[in-house]
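Colleague: Quick one: the structure is below, and I'll ask about it shortly.
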Amino acid sequence: MTNGNTYYLAVTAFDITDTQSEYSNELQVIVTSFETSDVNQDGNLNVTDVVQLVWIILNDLQLSDLELSLADITNDSEVNISDIVELVYIILSQLNTE
Ligand SMILES: [Ca+2]
Ligand SMILES: [Ca+2]
């Protein structure tokens, strides 16, 4: 992924009975650089953090306290799709204030 490019993604998930959810609404994300909620700890807040968050959730990865604090955007001690939604909103809202 490259700074300044626009990417599209949609999210789906499986529950414990292996039922696949509907795909989320397609999200349009323009890659740019920010420094909060930096899930993949690369110094930038952008779509790669959204992708990392999706990867964490889909694979049910065990997170360190630091990773959990970065990935739990909503501060409810759980990493789930609500954190993805919040992260996307943060990215988009920062774009809109530039
Ligand atoms: Ca990042
Ligand atoms: Ca959360």
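FYI, nothing fancy with the structure tokens labels: chains A, B, ... in order, residues from 1 per chain, ligands from 1 as they appear.
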What do you get as a tab-separated table (two decimals) with C-alpha atoms, in the first residue's frame if you pick all residues at most 7 Å from ligand 2, counting only C-alpha atoms and all ligand atoms?

Modeller:
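After the write, pocket.tsv holds the following:
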chain	number	residue	atom	x	y	z
A	72	ASP	CA	-8.69	-1.58	21.59
A	73	ILE	CA	-9.71	1.74	20.11
A	74	THR	CA	-13.01	1.82	22.01
A	75	ASN	CA	-11.37	1.08	25.40
A	76	ASP	CA	-13.79	-1.70	26.35
A	77	SER	CA	-11.07	-4.36	26.87
A	78	GLU	CA	-12.21	-6.28	23.81
A	79	VAL	CA	-10.84	-6.14	20.28
A	80	ASN	CA	-13.68	-6.60	17.84
A	82	SER	CA	-16.40	-1.98	16.79
A	83	ASP	CA	-12.70	-1.11	17.07

Colleague: With a cut-off of 7 Å, could you pull out the residues of chain A touching ligand 1 and give me the nearest pair of atoms for each, distance in Å to one decimal, using only C-alpha atoms and all ligand atoms, ordered by chain and ascending number, as CSV?

Modeller:
residue,atom,partner,partner_atom_place_in_ligand_line,distance
A:Asp38,CA,ligand 1,1 (Ca),4.3
A:Val39,CA,ligand 1,1 (Ca),5.5
A:Asn40,CA,ligand 1,1 (Ca),4.6
A:Gln41,CA,ligand 1,1 (Ca),5.1
A:Asp42,CA,ligand 1,1 (Ca),4.6
A:Gly43,CA,ligand 1,1 (Ca),5.6
A:Asn44,CA,ligand 1,1 (Ca),4.3
A:Leu45,CA,ligand 1,1 (Ca),4.5
A:Asn46,CA,ligand 1,1 (Ca),5.9
A:Thr48,CA,ligand 1,1 (Ca),6.1
A:Asp49,CA,ligand 1,1 (Ca),4.8

Colleague: Would you please work out which residue, of A:Ile57, A:Gln94, A:Thr19, A:Ser37, is nearest to Ala71 of chain A when using only C-alpha atoms?

Modeller: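 Nearest candidate to Ala71 of chain A out of A:Ile57, A:Gln94, A:Thr19, A:Ser37: A:Ser37.
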
Colleague: Among chain A, which residues does DSSP mark as alpha helix (DSSP H) when it is run on the backbone? Keep the chain and numbering as in the structure and answer as a PyMOL selection string.

Modeller: chain A and resi 47-58+65-71+81-96

Colleague: Which is closer to Asn59 of chain A than all the others in A:Val47, A:Thr6, A:Ser24, A:Phe14, using only C-alpha atoms?

Modeller: A:Phe14

Colleague: DSSP on the backbone: what in chain A comes out strand (DSSP E or B), as a PyMOL selection string?

Modeller: chain A and resi 6-9+14+20+27-30

Colleague: Looking at only C-alpha atoms, which of A:Ala13, A:Leu95, A:Ile84, A:Ile90 is the one that sits closest to Val51 of chain A?

Modeller: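 For Val51 of chain A, the nearest of the given residues is A:Ile84.
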
Colleague: Ranking A:Leu9, A:Val50, A:Ile56, A:Leu70 by minimum distance to Ile91 of chain A and counting only C-alpha atoms, which one comes first?

Modeller: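 Closest to Ile91 of chain A, using only C-alpha atoms: A:Val50.
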
Colleague: What is the distance between atom CA of Val85 of chain A and atom CA of Gln52 of chain A, in Å to one decimal?

Modeller: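 Interatomic distance, atom CA of Val85 of chain A to atom CA of Gln52 of chain A: 13.2 Å.
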